[in-house]
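Visitor: So here's model_6.txt (compact mmCIF, C-alpha atoms and all ligand atoms).
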```
# COMPACT_ATOMS: atom_id res chain seq x y z
CA MET A 1 -12.84 17.54 -1.65
CA ARG A 2 -11.04 17.11 1.61
CA ASN A 3 -12.33 20.19 3.42
CA ARG A 4 -15.06 17.95 4.81
CA ILE A 5 -13.02 17.78 8.02
CA PRO A 6 -14.63 20.27 10.41
CA ALA A 7 -12.40 23.30 10.85
CA ALA A 8 -12.62 23.15 14.64
CA LEU A 9 -11.30 19.60 14.74
CA LEU A 10 -8.54 20.43 12.35
CA THR A 11 -7.33 23.29 14.50
CA LEU A 12 -7.48 20.99 17.48
CA ALA A 13 -5.40 18.38 15.72
CA VAL A 14 -2.79 20.39 13.94
CA GLY A 15 -2.34 23.38 16.21
CA LEU A 16 1.41 23.77 16.16
CA SER A 17 3.23 24.16 19.39
CA PRO A 18 6.22 26.40 19.76
CA LEU A 19 7.74 23.69 21.96
CA GLY A 20 9.84 22.17 19.22
CA LEU A 21 9.88 19.01 17.15
CA THR A 22 9.31 16.32 19.74
CA ALA A 23 7.41 16.84 22.92
CA VAL A 24 8.34 13.80 24.96
CA ASP A 25 11.02 14.66 27.52
CA THR A 26 14.10 12.47 27.91
CA LYS A 27 12.89 10.93 31.16
CA THR A 28 9.55 9.92 29.66
CA ALA A 29 11.23 8.64 26.50
CA LEU A 30 13.48 6.44 28.64
CA LYS A 31 10.48 5.21 30.62
CA ILE A 32 8.71 4.28 27.36
CA ASP A 33 11.74 2.23 26.31
CA GLN A 34 11.88 0.50 29.69
CA GLU A 35 8.16 -0.29 29.63
CA ILE A 36 8.44 -1.77 26.13
CA GLU A 37 11.38 -3.90 27.26
CA LYS A 38 9.44 -5.00 30.33
CA HIS A 39 6.32 -6.02 28.40
CA ASN A 40 8.00 -7.30 25.26
CA LEU A 41 7.79 -11.00 26.07
CA GLU A 42 4.16 -10.77 27.12
CA ILE A 43 3.28 -8.89 23.93
CA ILE A 44 5.02 -11.47 21.76
CA LYS A 45 3.07 -14.20 23.59
CA ILE A 46 -0.17 -12.32 22.92
CA ARG A 47 0.75 -11.96 19.25
CA ARG A 48 1.46 -15.65 18.91
CA PHE A 49 -1.78 -16.57 20.64
CA ILE A 50 -3.75 -14.34 18.27
CA HIS A 51 -1.80 -15.73 15.32
CA MET A 52 -2.62 -19.30 16.35
CA ASN A 53 -6.30 -18.47 16.73
CA PRO A 54 -7.28 -16.42 13.68
CA GLU A 55 -10.92 -15.42 13.23
CA LEU A 56 -12.77 -14.11 10.20
CA SER A 57 -14.30 -10.66 9.80
CA ASN A 58 -17.18 -9.97 12.21
CA ARG A 59 -16.41 -13.27 13.96
CA GLU A 60 -13.46 -12.07 16.08
CA TYR A 61 -15.06 -13.40 19.29
CA GLU A 62 -12.01 -14.84 21.08
CA THR A 63 -9.64 -12.10 19.88
CA SER A 64 -12.06 -9.50 21.12
CA LYS A 65 -12.36 -11.24 24.52
CA LEU A 66 -8.59 -11.35 24.90
CA VAL A 67 -8.26 -7.66 23.95
CA ALA A 68 -11.03 -6.58 26.33
CA ALA A 69 -9.58 -8.62 29.22
CA LYS A 70 -6.13 -7.13 28.75
CA LEU A 71 -7.46 -3.57 28.54
CA SER A 72 -9.66 -4.06 31.61
CA SER A 73 -6.66 -5.33 33.57
CA LEU A 74 -4.97 -2.01 32.77
CA ASP A 75 -7.88 -0.13 34.34
CA LEU A 76 -9.04 1.51 31.15
CA GLU A 77 -12.69 2.33 30.50
CA VAL A 78 -13.58 -0.56 28.19
CA LYS A 79 -16.58 -0.93 25.90
CA THR A 80 -17.19 -4.24 24.10
CA GLY A 81 -19.59 -5.29 21.37
CA VAL A 82 -18.99 -2.13 19.35
CA ALA A 83 -19.81 -2.82 15.69
CA ARG A 84 -20.38 -6.47 16.71
CA THR A 85 -17.00 -7.61 18.04
CA GLY A 86 -15.13 -4.30 18.33
CA VAL A 87 -13.54 -3.11 21.56
CA VAL A 88 -13.00 0.54 22.48
CA ALA A 89 -11.06 1.69 25.52
CA LEU A 90 -10.36 5.09 26.92
CA LEU A 91 -7.22 6.00 28.81
CA ARG A 92 -7.66 9.25 30.67
CA GLY A 93 -4.36 11.05 31.06
CA GLY A 94 -3.24 12.69 34.27
CA GLN A 95 -3.48 16.14 32.72
CA PRO A 96 -6.42 17.76 30.96
CA GLY A 97 -6.44 17.91 27.18
CA PRO A 98 -8.09 16.64 24.02
CA THR A 99 -8.48 13.06 22.81
CA VAL A 100 -6.53 11.24 20.10
CA ALA A 101 -7.04 7.67 18.94
CA ILE A 102 -5.08 4.66 17.78
CA ARG A 103 -6.83 2.10 15.62
CA ALA A 104 -5.96 -1.58 15.18
CA ASP A 105 -7.82 -4.17 13.14
CA MET A 106 -8.36 -7.72 14.43
CA ASP A 107 -9.65 -9.94 11.61
CA ALA A 108 -7.89 -12.72 9.71
CA LEU A 109 -8.31 -14.19 6.22
CA PRO A 110 -9.63 -17.44 4.71
CA ILE A 111 -6.14 -18.68 3.79
CA GLN A 112 -4.42 -21.96 4.74
CA GLU A 113 -1.12 -21.07 6.40
CA THR A 114 1.98 -22.69 4.88
CA THR A 115 4.71 -21.22 7.11
CA SER A 116 6.64 -23.49 9.42
CA VAL A 117 6.55 -21.23 12.48
CA PRO A 118 5.87 -23.06 15.77
CA PHE A 119 2.88 -20.82 16.42
CA LYS A 120 1.16 -21.63 13.14
CA SER A 121 -2.61 -21.16 12.81
CA LEU A 122 -4.65 -23.81 14.62
CA ASN A 123 -7.81 -22.97 12.68
CA PRO A 124 -7.82 -24.85 9.36
CA GLY A 125 -8.21 -22.55 6.38
CA LEU A 126 -7.78 -19.37 8.42
CA MET A 127 -4.69 -17.24 8.81
CA HIS A 128 -3.49 -13.84 9.93
CA ALA A 129 -1.95 -13.20 6.51
CA CYS A 130 -2.46 -9.44 6.60
CA GLY A 131 -0.63 -8.89 9.90
CA HIS A 132 -3.66 -7.76 11.88
CA ASP A 133 -2.32 -9.93 14.73
CA ILE A 134 0.71 -7.60 14.77
CA HIS A 135 -1.50 -4.49 14.64
CA THR A 136 -3.62 -5.70 17.56
CA SER A 137 -0.54 -6.60 19.61
CA ILE A 138 1.04 -3.21 18.97
CA ALA A 139 -2.08 -1.34 20.10
CA LEU A 140 -2.28 -3.52 23.24
CA GLY A 141 1.41 -2.85 23.86
CA VAL A 142 0.79 0.90 23.57
CA ALA A 143 -2.02 0.57 26.12
CA MET A 144 0.32 -1.29 28.51
CA VAL A 145 3.05 1.33 28.19
CA LEU A 146 0.87 4.44 28.32
CA SER A 147 -1.21 3.23 31.25
CA ASN A 148 2.02 3.19 33.24
CA ILE A 149 2.85 6.81 32.39
CA LYS A 150 -0.66 8.21 32.75
CA ASP A 151 0.50 11.30 34.62
CA LYS A 152 2.53 12.39 31.59
CA ILE A 153 -0.46 12.29 29.24
CA LYS A 154 -1.99 15.67 28.44
CA GLY A 155 -5.44 14.48 27.42
CA ASN A 156 -6.94 11.11 26.56
CA VAL A 157 -6.03 8.22 24.32
CA LYS A 158 -8.80 6.16 22.77
CA PHE A 159 -7.93 2.62 21.68
CA ILE A 160 -10.04 1.36 18.80
CA PHE A 161 -9.90 -2.38 18.13
CA GLN A 162 -11.89 -2.83 14.97
CA PRO A 163 -13.44 -5.92 13.42
CA ALA A 164 -13.91 -6.69 9.71
CA GLU A 165 -11.28 -4.53 8.06
CA GLU A 166 -11.10 -7.12 5.28
CA GLY A 167 -14.80 -6.61 4.64
CA ALA A 168 -17.89 -7.86 6.44
CA PRO A 169 -19.60 -11.01 5.16
CA GLN A 170 -22.29 -10.40 2.58
CA ASP A 171 -25.45 -8.80 3.97
CA GLU A 172 -23.67 -7.69 7.14
CA GLU A 173 -22.44 -4.27 8.10
CA GLY A 174 -19.03 -3.98 9.68
CA GLY A 175 -15.60 -2.45 9.90
CA ALA A 176 -14.65 1.18 10.30
CA ALA A 177 -17.90 2.55 8.82
CA LEU A 178 -19.97 0.72 11.43
CA MET A 179 -17.59 1.68 14.25
CA ILE A 180 -18.07 5.35 13.31
CA LYS A 181 -21.84 4.89 13.02
CA GLU A 182 -21.81 3.49 16.55
CA GLY A 183 -20.07 6.60 17.83
CA VAL A 184 -16.45 5.54 18.22
CA LEU A 185 -15.22 9.03 17.34
CA ASP A 186 -17.54 10.69 19.90
CA ASP A 187 -17.75 10.95 23.65
CA PRO A 188 -15.10 12.21 24.09
CA THR A 189 -14.67 13.63 20.62
CA VAL A 190 -11.55 12.30 18.91
CA GLY A 191 -9.42 15.07 17.37
CA ALA A 192 -7.06 12.93 15.30
CA ILE A 193 -6.39 9.25 14.63
CA PHE A 194 -3.29 7.11 14.05
CA GLY A 195 -3.00 3.77 12.30
CA LEU A 196 -0.35 1.58 10.75
CA HIS A 197 -0.07 -1.40 8.46
CA VAL A 198 2.73 -3.96 8.37
CA TRP A 199 4.66 -3.79 5.11
CA PRO A 200 7.32 -6.03 3.53
CA GLU A 201 10.20 -3.59 4.03
CA ASP A 202 13.03 -3.80 6.57
CA VAL A 203 12.28 -3.82 10.29
CA GLY A 204 13.13 -0.39 11.68
CA GLN A 205 11.98 1.37 8.53
CA VAL A 206 8.66 3.10 7.93
CA ASN A 207 7.07 4.57 4.84
CA PHE A 208 4.95 7.66 5.09
CA SER A 209 3.57 10.33 2.78
CA THR A 210 0.74 12.80 3.00
CA GLY A 211 -2.26 13.01 0.67
CA ASP A 212 -3.95 9.99 -0.94
CA ILE A 213 -1.77 6.99 -0.07
CA MET A 214 -4.04 4.01 -0.67
CA ALA A 215 -6.67 3.60 -3.33
CA GLY A 216 -10.40 3.87 -3.04
CA ALA A 217 -12.03 0.54 -3.86
CA ASP A 218 -15.42 0.12 -5.51
CA TRP A 219 -17.47 -2.89 -6.56
CA PHE A 220 -19.46 -3.38 -9.75
CA GLU A 221 -21.62 -5.92 -11.48
CA ILE A 222 -22.67 -5.84 -15.13
CA THR A 223 -25.42 -8.06 -16.50
CA ILE A 224 -25.76 -8.50 -20.25
CA LYS A 225 -29.00 -9.93 -21.53
CA GLY A 226 -29.03 -11.16 -25.14
CA LYS A 227 -31.15 -13.85 -26.77
CA GLY A 228 -30.54 -17.58 -26.73
CA ALA A 229 -30.42 -19.61 -29.93
CA HIS A 230 -28.86 -22.76 -31.39
CA GLY A 231 -25.09 -22.53 -31.42
CA ALA A 232 -25.10 -23.16 -35.18
CA ARG A 233 -27.67 -20.42 -35.92
CA PRO A 234 -26.23 -17.22 -34.36
CA GLN A 235 -28.30 -15.01 -36.66
CA GLU A 236 -31.38 -15.98 -34.60
CA GLY A 237 -29.92 -14.95 -31.24
CA ILE A 238 -27.94 -12.17 -29.55
CA ASP A 239 -24.75 -13.65 -28.16
CA ALA A 240 -24.19 -12.31 -24.63
CA ILE A 241 -20.73 -13.93 -24.49
CA VAL A 242 -19.47 -12.08 -27.57
CA LEU A 243 -20.87 -8.84 -26.10
CA ALA A 244 -19.19 -9.56 -22.78
CA ALA A 245 -15.84 -10.05 -24.55
CA GLU A 246 -16.29 -6.73 -26.33
CA ILE A 247 -17.20 -4.98 -23.09
CA ILE A 248 -14.23 -6.43 -21.18
CA THR A 249 -11.77 -5.24 -23.82
CA THR A 250 -13.33 -1.79 -24.15
CA LEU A 251 -13.43 -1.29 -20.37
CA GLN A 252 -9.66 -1.83 -20.24
CA SER A 253 -9.29 0.81 -22.98
CA VAL A 254 -11.30 3.23 -20.85
CA ILE A 255 -8.65 2.95 -18.15
CA SER A 256 -5.69 3.15 -20.53
CA ARG A 257 -7.09 5.83 -22.90
CA SER A 258 -9.45 8.07 -20.89
CA ILE A 259 -7.73 8.27 -17.51
CA ASP A 260 -4.71 10.41 -16.74
CA PRO A 261 -1.81 7.92 -16.53
CA VAL A 262 -0.19 9.79 -13.65
CA ASP A 263 -3.36 9.45 -11.57
CA PRO A 264 -3.46 5.66 -11.25
CA ALA A 265 -6.57 3.57 -11.63
CA VAL A 266 -7.15 -0.15 -12.03
CA LEU A 267 -10.20 -1.98 -13.32
CA THR A 268 -10.36 -5.72 -12.74
CA ILE A 269 -13.09 -8.12 -13.72
CA GLY A 270 -12.56 -10.97 -11.33
CA LYS A 271 -15.64 -13.03 -12.01
CA ILE A 272 -17.53 -13.96 -15.13
CA GLU A 273 -20.54 -16.22 -15.42
CA GLY A 274 -22.61 -17.05 -18.46
CA GLY A 275 -23.97 -19.62 -20.82
CA THR A 276 -25.39 -23.06 -20.25
CA ARG A 277 -23.97 -25.43 -22.87
CA SER A 278 -21.34 -25.57 -25.60
CA ASN A 279 -23.83 -25.50 -28.46
CA ILE A 280 -26.23 -22.84 -27.18
CA ILE A 281 -25.83 -19.10 -27.78
CA ALA A 282 -25.61 -17.66 -24.28
CA GLU A 283 -28.54 -15.50 -23.26
CA LYS A 284 -27.03 -13.95 -20.16
CA VAL A 285 -23.57 -13.06 -18.84
CA THR A 286 -22.67 -11.48 -15.53
CA LEU A 287 -19.37 -9.70 -14.94
CA GLU A 288 -18.23 -8.74 -11.47
CA GLY A 289 -15.20 -6.67 -10.59
CA THR A 290 -13.46 -3.94 -8.70
CA VAL A 291 -12.23 -0.46 -9.55
CA ARG A 292 -9.31 1.05 -7.63
CA ALA A 293 -8.52 4.74 -7.95
CA LEU A 294 -6.40 7.10 -5.90
CA SER A 295 -8.26 10.31 -6.64
CA GLU A 296 -11.88 11.16 -6.02
CA THR A 297 -11.95 12.64 -9.55
CA ASN A 298 -11.31 9.21 -11.03
CA ARG A 299 -13.67 7.51 -8.63
CA LYS A 300 -16.45 9.71 -10.03
CA LYS A 301 -15.38 9.62 -13.68
CA ILE A 302 -14.76 5.87 -14.13
CA PRO A 303 -18.29 4.59 -13.39
CA GLN A 304 -19.77 7.12 -15.80
CA LEU A 305 -17.43 5.98 -18.56
CA MET A 306 -18.09 2.33 -17.77
CA GLU A 307 -21.83 2.76 -17.93
CA SER A 308 -21.70 4.40 -21.32
CA VAL A 309 -19.48 1.59 -22.68
CA VAL A 310 -21.86 -1.08 -21.39
CA LYS A 311 -24.94 0.69 -22.73
CA GLY A 312 -23.35 1.57 -26.06
CA ILE A 313 -22.16 -1.96 -26.84
CA THR A 314 -25.26 -3.81 -25.67
CA GLN A 315 -27.68 -1.41 -27.37
CA SER A 316 -25.85 -1.52 -30.69
CA PHE A 317 -26.47 -5.30 -30.77
CA GLY A 318 -30.05 -5.08 -29.57
CA ALA A 319 -29.26 -6.52 -26.14
CA THR A 320 -30.11 -5.07 -22.74
CA SER A 321 -27.91 -4.58 -19.68
CA THR A 322 -27.85 -3.57 -16.04
CA PHE A 323 -24.98 -1.75 -14.39
CA ASP A 324 -24.66 -1.84 -10.63
CA TYR A 325 -21.77 0.21 -9.22
CA ARG A 326 -21.21 0.58 -5.49
CA PRO A 327 -18.61 2.92 -4.02
CA THR A 328 -17.17 0.83 -1.20
CA LEU A 329 -14.05 2.36 0.34
CA PRO A 330 -12.69 5.87 -0.06
CA SER A 331 -8.96 6.32 -0.51
CA VAL A 332 -6.78 6.61 2.60
CA TYR A 333 -5.93 10.26 3.00
CA ASN A 334 -3.11 11.44 5.22
CA HIS A 335 -3.92 15.01 6.15
CA PRO A 336 -1.02 17.16 4.84
CA GLU A 337 -0.74 19.67 7.72
CA PHE A 338 -1.24 17.05 10.39
CA GLY A 339 1.24 14.77 8.61
CA GLN A 340 3.89 17.45 8.46
CA THR A 341 3.34 18.25 12.13
CA MET A 342 3.84 14.64 13.20
CA LEU A 343 6.51 13.55 10.73
CA PRO A 344 9.38 14.86 12.93
CA THR A 345 8.29 12.35 15.58
CA LEU A 346 8.92 9.43 13.21
CA ILE A 347 12.23 10.91 12.09
CA GLY A 348 13.27 11.75 15.66
CA ILE A 349 12.92 8.09 16.67
CA LEU A 350 14.09 6.18 13.61
CA GLY A 351 16.42 8.63 11.91
CA LYS A 352 15.89 10.38 8.61
CA ASP A 353 17.21 7.52 6.48
CA LYS A 354 14.65 5.10 7.96
CA VAL A 355 11.59 7.22 7.19
CA LEU A 356 11.01 6.84 3.48
CA PRO A 357 8.33 8.26 1.25
CA LEU A 358 5.37 6.03 0.60
CA GLN A 359 4.55 5.24 -3.01
CA PRO A 360 0.74 5.29 -3.31
CA GLN A 361 -0.67 1.76 -3.22
CA MET A 362 -3.69 0.43 -5.10
CA VAL A 363 -4.70 -1.79 -2.19
CA ALA A 364 -7.39 -0.36 0.05
CA GLU A 365 -7.84 0.08 3.81
CA ASP A 366 -10.97 1.08 5.66
CA PHE A 367 -8.95 3.41 7.89
CA SER A 368 -10.05 5.79 5.14
CA PHE A 369 -13.45 6.24 6.81
CA TYR A 370 -11.88 7.67 9.98
CA ALA A 371 -9.54 9.89 7.95
CA GLN A 372 -12.58 11.31 6.13
CA LYS A 373 -13.99 12.54 9.42
CA ILE A 374 -10.92 13.71 11.30
CA PRO A 375 -7.24 14.19 10.45
CA GLY A 376 -5.64 10.79 10.02
CA PHE A 377 -2.01 9.63 10.10
CA PHE A 378 -1.39 6.22 8.57
CA PHE A 379 2.04 4.74 7.96
CA PHE A 380 3.59 1.46 6.81
CA LEU A 381 5.72 -0.40 9.33
CA GLY A 382 8.59 -2.51 7.97
CA VAL A 383 8.40 -6.19 8.98
CA LYS A 384 11.04 -7.84 6.78
CA SER A 385 14.05 -9.31 8.58
CA PRO A 386 17.15 -7.47 7.38
CA SER A 387 18.77 -10.85 6.65
CA GLN A 388 16.06 -11.75 4.14
CA THR A 389 16.22 -10.43 0.61
CA THR A 390 12.48 -10.65 0.19
CA THR A 391 9.55 -11.52 2.33
CA ALA A 392 6.22 -13.03 1.38
CA ALA A 393 3.57 -10.54 0.38
CA LEU A 394 0.54 -9.62 2.43
CA HIS A 395 -2.37 -12.06 1.92
CA SER A 396 -0.01 -14.88 0.96
CA PRO A 397 -0.04 -18.23 2.81
CA ASN A 398 3.62 -17.92 3.85
CA PHE A 399 3.51 -14.35 5.11
CA ASN A 400 5.74 -14.26 8.19
CA PRO A 401 6.49 -10.82 9.59
CA ASP A 402 9.51 -10.29 11.84
CA GLU A 403 8.22 -9.90 15.40
CA ARG A 404 10.88 -7.33 16.24
CA SER A 405 8.69 -4.87 14.36
CA ILE A 406 6.21 -4.97 17.25
CA ALA A 407 8.48 -3.07 19.64
CA VAL A 408 9.23 -0.51 16.90
CA GLY A 409 5.51 -0.04 16.28
CA ILE A 410 4.75 0.40 19.98
CA LYS A 411 7.48 2.98 20.43
CA LEU A 412 6.42 4.99 17.38
CA MET A 413 2.76 4.94 18.36
CA CYS A 414 3.48 5.95 21.98
CA HIS A 415 5.52 8.94 20.83
CA LEU A 416 3.05 9.95 18.11
CA LEU A 417 0.14 9.88 20.53
CA LEU A 418 1.98 11.79 23.27
CA ASP A 419 3.43 14.33 20.85
CA SER A 420 0.11 14.97 19.16
CA LEU A 421 -1.54 15.59 22.52
CA ASP A 422 1.28 17.80 23.62
CA LYS A 423 1.15 19.85 20.47
CA GLN A 424 -2.49 20.56 21.19
CA SER A 425 -2.04 21.43 24.85
CA PRO A 426 -1.46 24.90 26.18
CA LEU A 427 2.10 25.73 27.09
CA GLU A 428 3.05 24.83 30.59
CA PRO A 429 4.11 27.75 32.76
CA PRO A 430 7.85 28.45 32.53
CA PRO A 431 9.95 27.12 35.42
CA ALA A 432 10.25 29.50 38.37
CA SER A 433 13.41 31.59 38.18
CA PHE A 434 15.98 31.37 40.91
ZN ZN A 501 -5.65 -7.39 4.12
ZN ZN A 502 -4.68 -5.41 6.44
```
Please express the file's structure as structure tokens.

Guide:
Amino acid sequence: MRNRIPAALLTLAVGLSPLGLTAVDTKTALKIDQEIEKHNLEIIKIRRFIHMNPELSNREYETSKLVAAKLSSLDLEVKTGVARTGVVALLRGGQPGPTVAIRADMDALPIQETTSVPFKSLNPGLMHACGHDIHTSIALGVAMVLSNIKDKIKGNVKFIFQPAEEGAPQDEEGGAALMIKEGVLDDPTVGAIFGLHVWPEDVGQVNFSTGDIMAGADWFEITIKGKGAHGARPQEGIDAIVLAAEIITTLQSVISRSIDPVDPAVLTIGKIEGGTRSNIIAEKVTLEGTVRALSETNRKKIPQLMESVVKGITQSFGATSTFDYRPTLPSVYNHPEFGQTMLPTLIGILGKDKVLPLQPQMVAEDFSFYAQKIPGFFFFLGVKSPSQTTTAALHSPNFNPDERSIAVGIKLMCHLLLDSLDKQSPLEPPPASF
């Protein structure tokens, strides 16, 4: 399933270097730390500005302007208006080599913020409740740091600031799929891509695993068409509501009885509409929902099972149905070889006890589209203050990540990008002997 990644790109991305575990020399590592320290206040200010001015998917106009202005001031080659409001910038390193990318998402959610932070959202009903303000700030921070150590970079770094990760508005294209369609992985060709998501674990901790780490997400709609009649004379109609109830229950049994329990899948019907009045047998019911599955096997199997349930139940009562199933997002796949090659970088910086395995999550992320094309490396960055016992969940109105995670994210990303380029570069000539 996953050998769709072209072999040439894979070699480019995972070619192991005999140089050792981490490629960044001590002097450069120190410089990275100093640069982060130097820019930290500015980056926090940027984060707070973005947090105060959240914008919905495909409407990230001001965020995009701010990002483009900052990148231009760093002398990067900046392209705006990619996939509507996306910004792409190229940093050419001082030494020849391939290109790797870092991706950040910029959109916010239609949620009314309830935190009491002084930099609370100024846009009523909108909030950065998924931490994309943190992601954007980290990627900008990486651009600030790396543009000051250009001569150390053995290749190029492409910065991808993506709109609409949460999903484009209806009837609009957007997000990672559109970015790719508009050529973000070409010219120069990107060999591998890095991304992160904030996660309610301690600051200074990351979670990472290879393979499928976040579920694929699909959308479906089922329409059941029966026959209306008087509510007191059911024998003259075909009750679409009773059929819908039967279908809902049986669909849950499909998940619990026909799917391997160690290969997780979730089926949720989140919307149901039907009937007109209390004393009329409903003629039509519409069910709308989502299916989440980690494996491609389940993503193929589940819709087939669902369709046969819907057809079987409706036909046996003489009703008709339609079944519309749309694969939406593939699962996020961390390429195993690439992951193993880069994992020592995370461990080298944070320590072994701070790099924990990632339990697969049933939430989805459109980073998956990039990782389908080229080797991807996606990890969860802890944002919970160590003093807190819990922190609000993503997408909740009181989500309040600890800003100290930003510096951690910048440092990790700088090292991952530099190491990955170094591991692809030819060995430098040995030092001249005395
Ligand atoms: Zn989200
Ligand atoms: Zn998110």

Visitor: Name each residue within 10 Å of ligand ZN 502 (chain A), counting all atoms listed in the file, as an MDAnalysis selection string.

Guide: chainID A and resid 104:109 128:133 135 164:166 196:199 363:367 394:395

Visitor: Do a neighbour search on range 61-64 of chain A at 9 Å with all atoms listed in the file, toss out local chain neighbours closer than 5 positions, and write the hits as a ChimeraX atom specification.

Guide: /A:50,53-55,69,80-81,85-87,106-107,161,163

Visitor: Just to confirm, what's the straight-line distance from CA of Ala407 in chain A to CA of Glu201 in chain A in Å (one decimal)?

Guide: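 Atom-to-atom, CA of Ala407 in chain A and CA of Glu201 in chain A are spaced 15.7 Å apart.
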
Visitor: Can you work out the spacing between CA of Lys373 in chain A and CA of Val88 in chain A in Å, to one decimal?

Guide: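 These two atoms are separated by 17.8 Å.
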
Visitor: Would you please work out which residue, of A:Gln315, A:Thr28, A:Ser396, A:Asn58, is nearest to ligand ZN 501 (chain A) when using only C-alpha atoms and all ligand atoms?

Guide: A:Ser396

Visitor: My list of candidates is A:Asp151, A:Asp239, A:Asp218, A:Glu288. Which is closest to Pro303 in chain A when distances are computed with all atoms listed in the file?

Guide: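 Closest to Pro303 in chain A of all the choices is A:Asp218.
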
Visitor: Could you jot down the CA of Arg48 in chain A to CA of Lys384 in chain A separation for me, Å, one decimal place?

Guide: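 Those two atoms sit 17.3 Å apart.
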
Visitor: Compare A:Phe49, A:Trp219, A:Phe208, A:Phe119 by their minimum atom-to-atom distance to Phe379 in chain A, counting only C-alpha atoms, and give me the closest one.

Guide: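 Using only C-alpha atoms, Phe379 in chain A sits closest to A:Phe208.
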
Visitor: Give the answer as one residue: which of A:Gly93, A:Lys284, A:Phe399, A:Thr250 has the shortest atom-to-atom distance to ligand ZN 501 (chain A), using only C-alpha atoms and all ligand atoms?

Guide: A:Phe399

Visitor: Can you tell me which residues surround Asn156 in chain A at a distance of at most 12 Å, considering all atoms listed in the file, apart from same-chain residues fewer than 6 positions away, and format the answer as an mmCIF file with C-alpha atoms, in the frame of the given file?

Guide:
```cif
data_model
loop_
_atom_site.group_PDB
_atom_site.id
_atom_site.type_symbol
_atom_site.label_atom_id
_atom_site.label_comp_id
_atom_site.auth_asym_id
_atom_site.auth_seq_id
_atom_site.Cartn_x
_atom_site.Cartn_y
_atom_site.Cartn_z
ATOM 1 C CA LEU A 76 -9.040 1.510 31.150
ATOM 2 C CA GLU A 77 -12.690 2.330 30.500
ATOM 3 C CA ALA A 89 -11.060 1.690 25.520
ATOM 4 C CA LEU A 90 -10.360 5.090 26.920
ATOM 5 C CA LEU A 91 -7.220 6.000 28.810
ATOM 6 C CA ARG A 92 -7.660 9.250 30.670
ATOM 7 C CA GLY A 93 -4.360 11.050 31.060
ATOM 8 C CA GLY A 94 -3.240 12.690 34.270
ATOM 9 C CA GLN A 95 -3.480 16.140 32.720
ATOM 10 C CA PRO A 96 -6.420 17.760 30.960
ATOM 11 C CA GLY A 97 -6.440 17.910 27.180
ATOM 12 C CA PRO A 98 -8.090 16.640 24.020
ATOM 13 C CA THR A 99 -8.480 13.060 22.810
ATOM 14 C CA VAL A 100 -6.530 11.240 20.100
ATOM 15 C CA ALA A 101 -7.040 7.670 18.940
ATOM 16 C CA ILE A 102 -5.080 4.660 17.780
ATOM 17 C CA ALA A 143 -2.020 0.570 26.120
ATOM 18 C CA LEU A 146 0.870 4.440 28.320
ATOM 19 C CA SER A 147 -1.210 3.230 31.250
ATOM 20 C CA LYS A 150 -0.660 8.210 32.750
ATOM 21 C CA ASP A 187 -17.750 10.950 23.650
ATOM 22 C CA PRO A 188 -15.100 12.210 24.090
ATOM 23 C CA THR A 189 -14.670 13.630 20.620
ATOM 24 C CA VAL A 190 -11.550 12.300 18.910
ATOM 25 C CA GLY A 191 -9.420 15.070 17.370
ATOM 26 C CA ALA A 192 -7.060 12.930 15.300
ATOM 27 C CA LEU A 417 0.140 9.880 20.530
ATOM 28 C CA LEU A 418 1.980 11.790 23.270
ATOM 29 C CA SER A 420 0.110 14.970 19.160
ATOM 30 C CA LEU A 421 -1.540 15.590 22.520
ATOM 31 C CA ASP A 422 1.280 17.800 23.620
ATOM 32 C CA GLN A 424 -2.490 20.560 21.190
ATOM 33 C CA SER A 425 -2.040 21.430 24.850
#
```

Visitor: Looking at all atoms listed in the file, which of A:Val145, A:Ala393, A:Ile224, A:Val262 is the one that sits closest to ligand ZN 501 (chain A)?

Guide: A:Ala393

Visitor: Nearest residue to Ile347 in chain A out of A:Thr314, A:Asn207, A:Thr276, A:Ser258, using only C-alpha atoms?

Guide: A:Asn207

Visitor: Emit as AutoDock Vina command-line options the padded axis-aligned box for all listed atoms of range 374-380 of chain A, 3 Å per side, with centre and edge lengths in Å to one decimal.

Guide:
```
--center_x -3.7 --center_y 7.8 --center_z 9.1 --size_x 20.5 --size_y 18.7 --size_z 10.5
```
